[in-house]
Every structure is written in C-alpha cells, then in structure tokens.
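Student: Below you'll find the structure I mean.
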Amino acid sequence: MDKQTNQRGWLLVLPVVVIVAFSAILPLMTVVNYSVQDTFGNNQFFWNGVGWFSELLDPRSELGARFLEALWRNLLFSAIVLAIEIPLGVLVALAMPRQGWTVAFCLVVMALPLLIPWNVVGTIWQIFGRPDIGLLGYTLNSLGLNYNYVSNDLDAWATVIVMDVWHWTSLVALLCYAGLKSIPDAYYQAAQIDGASRWAVFKAIQLPKMNRVLLIAVLLRFMDSFMIYTEPFVVTGGGPGNSTTFVSIELVKIALGQFDLGKAAALSLVYNLIILIVCWVFYTIMTNAGTERRAKEGVA
Amino acid sequence: MSESLIALAGIKKVFYTDEVETHALSDIHLEIRRGEYLAIAGPSGCGKTTLLNIISGLIVPSRGRVQFDGRDVTALPTERRNIAQVFQFPVIYDTLSVYENLAFPLRNRGTDRRTIDARVREIAQLLDLSGVLDHRARGLTADVKQKVSLGRGLVRSDVAAILFDEPLTVIDPHLKLQLRAMLKQLHRQLDLTMIYVTHDQTEALTFADEVVVMYEGEVVQAGTPEELFERPAHTFVGWFIGSPGMNLLPCRIDGTAAVVGGHRIGLGRRYAALPADRRIELGVRPEYTILAGLNGGLPVRVRRVDDLGRVRIAKVELAGHPVAAIVPDGLAIDGEEAAIALDSNRLHVYADGHLVAPAEA
C-alpha cells in the first residue's frame, strides 16, 4: 500500500518535469547536439567531437582569437561599469531624502530608466549621440570635441559605458537606499553624540549596514553587464570594427550572421558555463559571509 | 551639590505629521541638579523620550529654553553639549571592535592616541569589558552591547550628564538587576548626573534620588520616591506609582468628611466646598486600606484575594467601586462580607485629577 502512494509522487512532479524539459533541457540538448557536429545544407550532419571546443579555446585559431578578444572586452566592460556604478549608486543613495514627498518623487525618477525596454535605451542613445542630429553628439562637436561613436573606438566605448551607467546606476542606488532605510535612527543619533564626522558615519554605520545589498548589487550588475547585448548592438552594432563586440554580439554574428551552428553552439555552452561558474563563486561568497556572521554572533 | 546643571524653561514641542498637530510636550519646567540621579517616568507616549531628546539636543523644542550650567544651549547641536546618551536598543558600531567602539567618540574629537588608550582601558576596567576589548562588537550579547554604548559616553571626559532612554528594555531580567546595580555604583563613583527615562515605576523608584512623573506631555509631579508615594499630586501619579496603584473613589465632600455611596468617611481636615461640576475623588493607597472583620469599618464585598508572597491584597468593592486593600496577617476571610479601615491621615482629595489642599482649619 505504501508503495502505491509513493509512486503517485512521480505523477505530482510530472508537470514540473515536463515544463523544465521543454523550457530548458530540450533546447539545451539541441545546442549540445549542434556543438559536437558540423552542419551542411539539406540537414546533413557530421560528427565533430570536441573539435569546435578546442578551436574555440585556441587563441591561434580564427574562432578562438575572436572569442578570447570578445571575452577580454566584455570583462573590461564589466569592470569599468562596476567601478563606476557601485560608488555612484552608493553616493546617489546617500543623497536621497529619507522622508517627505520627495522620497516618492526620487524613487519614481530613479526607477524610470529601469522601466525602459533595453532596445529603446539603445535607440535613445544611438540618436542622442549622433553628431549630426543628436543633442549630445551635436553639442560635444560644437564645443570642439571631435566625438563620433561610429568611427572612433574610444567614443564608442564611452557611449556604451555612459549608456549603461545611465541605465543601471538606479538599480544600485535603489538597493543601497533600501539598505540605508533599514538603519534605525538611534544609530545616527548615537553617532551625532559621539561627534562622528560624515565620513565616520559612513564608514562605521552606513557601509557595514549596506555591505549585503552591495554584494547583491555587484553580483547583479556583473551578470547583466557580462551578458549585455541589446544596447551596444543597437548603438554601435559591435563597431567600429570589432571594438565593442562583446561575447553575446560575437555569438549572434557567428550563429545568425555566418550560420556556423556548431561554432555558435560551442561558444554558447562555454559562455553559459562561465556565467554559471561566476554565479556559483558569488553565491558561495555571499552565503559564506552570512554563515560566518551567524557563527560569530553565536559564539558570544 | 544643589547647584543646577540643566534647566528647562517653558519647553514645548509640537510635531506635525500628515497635517496633524501633536502636542508632545506642553510647558515643561524642570531643574536638574549636578550629580543628581533623576528618573523620568511615565507611560508610553507621555513625551518622556521627547523630553530626553530635547535635553540631549537631538530634538529642537518648538518653544522654551534649555540651559546647561546657566548657558543657553537650545540652539547648540548634540555633539557640542556635554552629554552622552544610551538608547533603548544597543547602538554598536558592528564592524569595529569593542576597543574601537569605545575609542570612537575620542577619535572623532581628535584626542591623541595615548590619552585614548589610557581612557579606553580605564573605562573598560570600570565596566568589566577588559576581557572583550578586541572582540568584534557584532557578536556580543545585548547586555554587553549596552555596556559598550554606555562606555562610549563614559570615555569622554567632558561629559557632565548621561541620559538613558529605557536602556534595559532588551536585557534579560537577571542581568537587568546586575546592570541597575552597576549604574547606581557608577553614579556614586563618578559623580555624574544621570537622567533615566523609564516606564517601569520600580526602576524609577529603586534608584533615583528624584522622580519626575509625566503624563500626556506634562510633568504631573516631581519629587522623591517617598513624596510621590505619600502625596501624589495627581491621580495619575497615585495610579502609576505603587503596586497596586492608589484606590480612587468618586465622592462628595461635606466639610470634614467624604461621602462615598452613602458612607461618610472622616477626613480629619476641613475642605472648602468644591464646585459640583468637577470630578471629586477620594484617594487612598492600598497600603493604608486595611481589610478587617465584619464590623471593623466600611462594609465591603470581597471579590478576590491575591497572595503576593510578602503581602496579601484583597480586591473588594465599596458601594460598587473597586478597592484594593491589605489583608493583615492572621485575618481569615469568611465569605464575601468584610469591612475596610482607612487611615484618615493618608486620605487625599482630588478634583479633576488634581490634589486639593485642605482649607485652613
């Protein structure tokens, strides 16, 4: 009798199994399938083993060089974006009002960039930065700066970075703001009595209370910026040359531009794996920080 | 000793939230002597914390002046007043060690390293924190955290008064006694002025020289614990101080007697006629209300007897009004019928809650 009731459990998980199978496992297996074969027209497939993977990770091959360059560009982009958005987000959060009607106003204004579809963000900046009709591009050129994101690598990078900062700093700021809001007034009052300077208050009270949300912010922003596609694709299309071709853009070029399904599949899997590993590392650090804290509290 | 350290004159505070005006404090006058241990007691929402924060400068009064040592400090920010404050919930700089926590106020004031070190170690010794100086403050228990936050006040040599805002709220009961004793000892040892806000009358009565009782934004009485007990100036004080609180009986005054539901109770003093539109009450502490056998005084109906260990308290009814009375040792209560005897020297008459002085005899 017991056995029968146990067997029925499988039936209950079946819907989840089906959904996960169709949404994740089957598509992923298709990609795995492509990554180990070479495709030709008329649906002809030839076994290639780990050929695409070894080519992808070999800097001397054409595919490997493109991938590693894009990867390096992507890491640099993420690093710059984090270096700007995290401190800036903290500063913005600190500057936000703590009470009154201005709070709601600030929150709405801050949330606006987050609500705009990524494609639209790209389009806004693509037009905004154009030297002929864009407000930003035109102004900069009128001021004597030779700014043109279509022809100059540095200008393209600056545009993409400023766009990302514009789009995502609010997220960091809102997370930090939530962290700051959770600090009881007594802390500020005690600090005032202790004669703490603004900087001492930040270091002794605000930063320690924010470090958890900051970790989340860093994680989110790293993941997002590492997977960025839409905005730079719309603005620069990966150019000039390959200067703003990040991994995802490279992937689309290979998969849909050249229709090299095997190479693209191998690249997808490696890309995915990198993200999973980074995710895991961050997750471990975060949970460790949590347990360490609990352990310390338990000791006393 | 009797020189006044802190003087509050005509303090008023009005809060505006969502267009609603709340009178947190109305017209407070208070003098706090140097070296005094003052308790501010009252129920939640009576404005005692607001008053404390006005003294410390965290809140600016809507009207009135605050003087320290005769100097007007009403407009002076907290860090420039010679006070320290300990809050209800321990405020600790989590990431700093206990040592750094104690050194924090001195470092902020630019004290030199050697003075800081000497001072921190001295205070740590005093508060029994020497063993945990290099611990991270985050992992400490609430009572140790509270000691650390007190220590941050004590390290400063400029501090003349320490303000406590219900500091023992989150402390375990057995540690509460310990900390209370420590505070009392520190007060003697350091000759500091301490102002202690609490809603717990026992806390207020057991260790303050003087207790200020607040009620709905006003000081209803300030005096020694004995004065508050023997001559409550307001029915609220009678009720709030003492356990159980004072018995209050609606009555009518007729010369030297109070009339409660047909019973005449001799007051031993003559009172002027009181206007009929005021609420007149007779107040007597349960300690001076003694239960007796059937013919021992005013007839009452016994509802319940609580044995508090030291003493037995009977909840009785006198002409329909609830009264608490002491049950003397050896008195056996038989059935519901009994009587109470009131100590005529301990009777007080209140009109609309305020104590009425007897007329000249």
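Labeling convention for the structure tokens: chains A, B, ... as they appear, residues from 1 per chain, ligands from 1 in order of appearance.
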List every residue of segment 59-305 of chain B that DSSP, applied to the backbone of this structure, places in strand (DSSP E or B), and write the result as a VMD selection string.
Tutor: chain B and resid 63 to 68 71 to 72 83 to 86 97 136 161 to 165 193 to 198 210 to 215 218 to 223 234 247 to 250 252 to 254 257 to 260 263 to 266 280 to 284 289 to 292 298 to 305
Student: Which residues come within 12 Å of segment 184-187 of chain A, counting only C-alpha atoms, excluding same-chain residues fewer than 6 positions away, as a PDB file with C-alpha atoms, in the first residue's frame?
Tutor:
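Saved to selection-v2.pdb:
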ATOM      1  CA  ARG A  98      14.853  59.964   3.897  1.00  0.00           C
ATOM      2  CA  ILE A 193      26.511  62.341  20.226  1.00  0.00           C
ATOM      3  CA  ASP A 194      29.815  60.622  19.571  1.00  0.00           C
ATOM      4  CA  ALA A 196      31.208  61.469  14.297  1.00  0.00           C
ATOM      5  CA  VAL A 201      29.204  57.818   9.981  1.00  0.00           C
ATOM      6  CA  PHE A 202      29.563  56.350   6.511  1.00  0.00           C
ATOM      7  CA  ALA A 204      31.154  52.937  10.884  1.00  0.00           C
ATOM      8  CA  ILE A 205      27.411  52.735  10.263  1.00  0.00           C
ATOM      9  CA  GLN A 206      26.238  53.045   6.687  1.00  0.00           C
ATOM     10  CA  LYS A 209      24.806  48.035   7.029  1.00  0.00           C
TER      11      LYS A 209
ATOM     12  CA  ASN B  53      15.986  64.115  23.283  1.00  0.00           C
ATOM     13  CA  LEU B  58      18.553  65.526  19.150  1.00  0.00           C
ATOM     14  CA  GLN B  85      23.019  59.153  25.685  1.00  0.00           C
ATOM     15  CA  VAL B  86      22.284  55.454  25.907  1.00  0.00           C
ATOM     16  CA  PHE B  87      19.399  54.279  23.761  1.00  0.00           C
ATOM     17  CA  GLN B  88      16.683  51.707  24.206  1.00  0.00           C
ATOM     18  CA  PHE B  89      18.289  49.320  21.754  1.00  0.00           C
ATOM     19  CA  PRO B  90      22.043  48.989  21.994  1.00  0.00           C
ATOM     20  CA  VAL B  91      23.754  51.060  19.346  1.00  0.00           C
ATOM     21  CA  ILE B  92      27.008  49.434  18.390  1.00  0.00           C
ATOM     22  CA  TYR B  93      29.345  50.021  15.509  1.00  0.00           C
ATOM     23  CA  ASP B  94      29.136  46.452  14.233  1.00  0.00           C
ATOM     24  CA  SER B 149      27.295  52.056  24.364  1.00  0.00           C
ATOM     25  CA  ASP B 165      16.356  56.065  27.319  1.00  0.00           C
TER      26      ASP B 165
END
Student: Nearest to chain A: which of B:Phe104, B:Phe236, B:Tyr37, B:Tyr99 is it, counting only C-alpha atoms?
Tutor: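 Of all the options, B:Phe104 lies closest to chain A.
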Student: Rounded to one decimal in Å, what is the spacing between atom CA of Thr193 of chain B and atom CA of Asp134 of chain B?
Tutor: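 Spanning atom CA of Thr193 of chain B to atom CA of Asp134 of chain B is a straight-line distance of 29.8 Å.
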Student: Report as a PyMOL selection string the set of chain B residues whose atoms approach chain A to within 10 Å, with distances computed over only C-alpha atoms.
Tutor: chain B and resi 17-18+53+56-58+77-96+101-109+135-141+144+149+152-153+156
Student: Just to confirm, what's the straight-line distance from atom CA of Leu261 of chain A to atom CA of Tyr34 of chain A in Å (one decimal)?
Tutor: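 Going from atom CA of Leu261 of chain A over to atom CA of Tyr34 of chain A, I get 6.3 Å.
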Student: Where does DSSP see alpha helix (DSSP H) in segment 110-338 of chain B, if you list the residues as number ranges by chain?
Tutor: B: 113-126, 142-154, 173-190, 201-207, 225-230, 235-240
Student: Find the residues near segment 115-127 of chain A: any atom within 7 Å, counting only C-alpha atoms, skip ones fewer than 3 places away on the same chain, and give them as JSON, numbers by chain.
Tutor: {"A": [111, 112, 130, 134, 163, 230, 231, 232, 234, 235]}
Student: Env of segment 270-275 of chain A: 10 Å cut, atoms = only C-alpha atoms, seq-sep filter 2 positions within chain, self excluded. Answer as an mmCIF file with N, CA and C atoms, in the first residue's frame.
Tutor:
data_model
loop_
_atom_site.group_PDB
_atom_site.id
_atom_site.type_symbol
_atom_site.label_atom_id
_atom_site.label_comp_id
_atom_site.auth_asym_id
_atom_site.auth_seq_id
_atom_site.Cartn_x
_atom_site.Cartn_y
_atom_site.Cartn_z
ATOM 1 N N PHE A 53 35.095 22.971 -29.685
ATOM 2 C CA PHE A 53 35.538 23.470 -28.374
ATOM 3 C C PHE A 53 37.037 23.751 -28.373
ATOM 4 N N LEU A 56 37.654 26.787 -30.288
ATOM 5 C CA LEU A 56 37.173 27.979 -29.579
ATOM 6 C C LEU A 56 38.176 28.446 -28.527
ATOM 7 N N LEU A 57 38.801 27.504 -27.848
ATOM 8 C CA LEU A 57 39.699 27.868 -26.757
ATOM 9 C C LEU A 57 41.143 28.017 -27.211
ATOM 10 N N PHE A 67 36.828 34.867 -30.039
ATOM 11 C CA PHE A 67 36.153 34.620 -28.766
ATOM 12 C C PHE A 67 36.918 35.256 -27.607
ATOM 13 N N LEU A 71 35.804 38.143 -25.139
ATOM 14 C CA LEU A 71 35.719 37.860 -23.709
ATOM 15 C C LEU A 71 36.482 38.907 -22.912
ATOM 16 N N PHE A 222 27.305 42.604 -12.386
ATOM 17 C CA PHE A 222 28.320 41.869 -13.131
ATOM 18 C C PHE A 222 27.653 40.945 -14.149
ATOM 19 N N MET A 223 26.652 40.196 -13.667
ATOM 20 C CA MET A 223 25.960 39.258 -14.547
ATOM 21 C C MET A 223 25.366 39.983 -15.746
ATOM 22 N N PHE A 226 27.930 41.410 -18.089
ATOM 23 C CA PHE A 226 28.662 40.365 -18.782
ATOM 24 C C PHE A 226 27.813 39.764 -19.903
ATOM 25 N N MET A 227 26.505 39.844 -19.749
ATOM 26 C CA MET A 227 25.616 39.282 -20.768
ATOM 27 C C MET A 227 25.052 40.353 -21.694
ATOM 28 N N VAL A 247 30.854 39.361 -26.064
ATOM 29 C CA VAL A 247 30.687 37.936 -26.355
ATOM 30 C C VAL A 247 29.325 37.638 -26.970
ATOM 31 N N SER A 248 28.277 38.246 -26.403
ATOM 32 C CA SER A 248 26.942 37.927 -26.915
ATOM 33 C C SER A 248 26.772 38.404 -28.353
ATOM 34 N N LEU A 251 28.537 36.040 -30.543
ATOM 35 C CA LEU A 251 27.756 34.814 -30.649
ATOM 36 C C LEU A 251 26.680 34.943 -31.723
ATOM 37 N N ALA A 264 28.842 28.294 -33.001
ATOM 38 C CA ALA A 264 27.983 29.101 -32.134
ATOM 39 C C ALA A 264 27.524 28.289 -30.931
ATOM 40 N N ALA A 265 27.194 27.013 -31.177
ATOM 41 C CA ALA A 265 26.728 26.175 -30.085
ATOM 42 C C ALA A 265 27.837 25.982 -29.061
ATOM 43 N N ALA A 266 29.051 25.715 -29.539
ATOM 44 C CA ALA A 266 30.179 25.547 -28.621
ATOM 45 C C ALA A 266 30.401 26.824 -27.821
ATOM 46 N N LEU A 267 30.338 27.972 -28.510
ATOM 47 C CA LEU A 267 30.529 29.258 -27.842
ATOM 48 C C LEU A 267 29.443 29.465 -26.781
ATOM 49 N N SER A 268 28.185 29.158 -27.145
ATOM 50 C CA SER A 268 27.077 29.327 -26.198
ATOM 51 C C SER A 268 27.334 28.554 -24.915
ATOM 52 N N ILE A 277 29.731 29.564 -13.462
ATOM 53 C CA ILE A 277 30.847 29.492 -12.509
ATOM 54 C C ILE A 277 30.920 30.779 -11.681
ATOM 55 N N VAL A 278 30.840 31.914 -12.391
ATOM 56 C CA VAL A 278 30.912 33.187 -11.667
ATOM 57 C C VAL A 278 29.758 33.281 -10.671
ATOM 58 N N CYS A 279 28.578 32.859 -11.109
ATOM 59 C CA CYS A 279 27.391 32.855 -10.254
ATOM 60 C C CYS A 279 27.660 32.037 -9.005
ATOM 61 N N TRP A 280 28.212 30.877 -9.213
ATOM 62 C CA TRP A 280 28.471 29.972 -8.100
ATOM 63 C C TRP A 280 29.470 30.573 -7.116
ATOM 64 N N VAL A 281 30.523 31.188 -7.685
ATOM 65 C CA VAL A 281 31.534 31.809 -6.822
ATOM 66 C C VAL A 281 30.897 32.906 -5.971
#
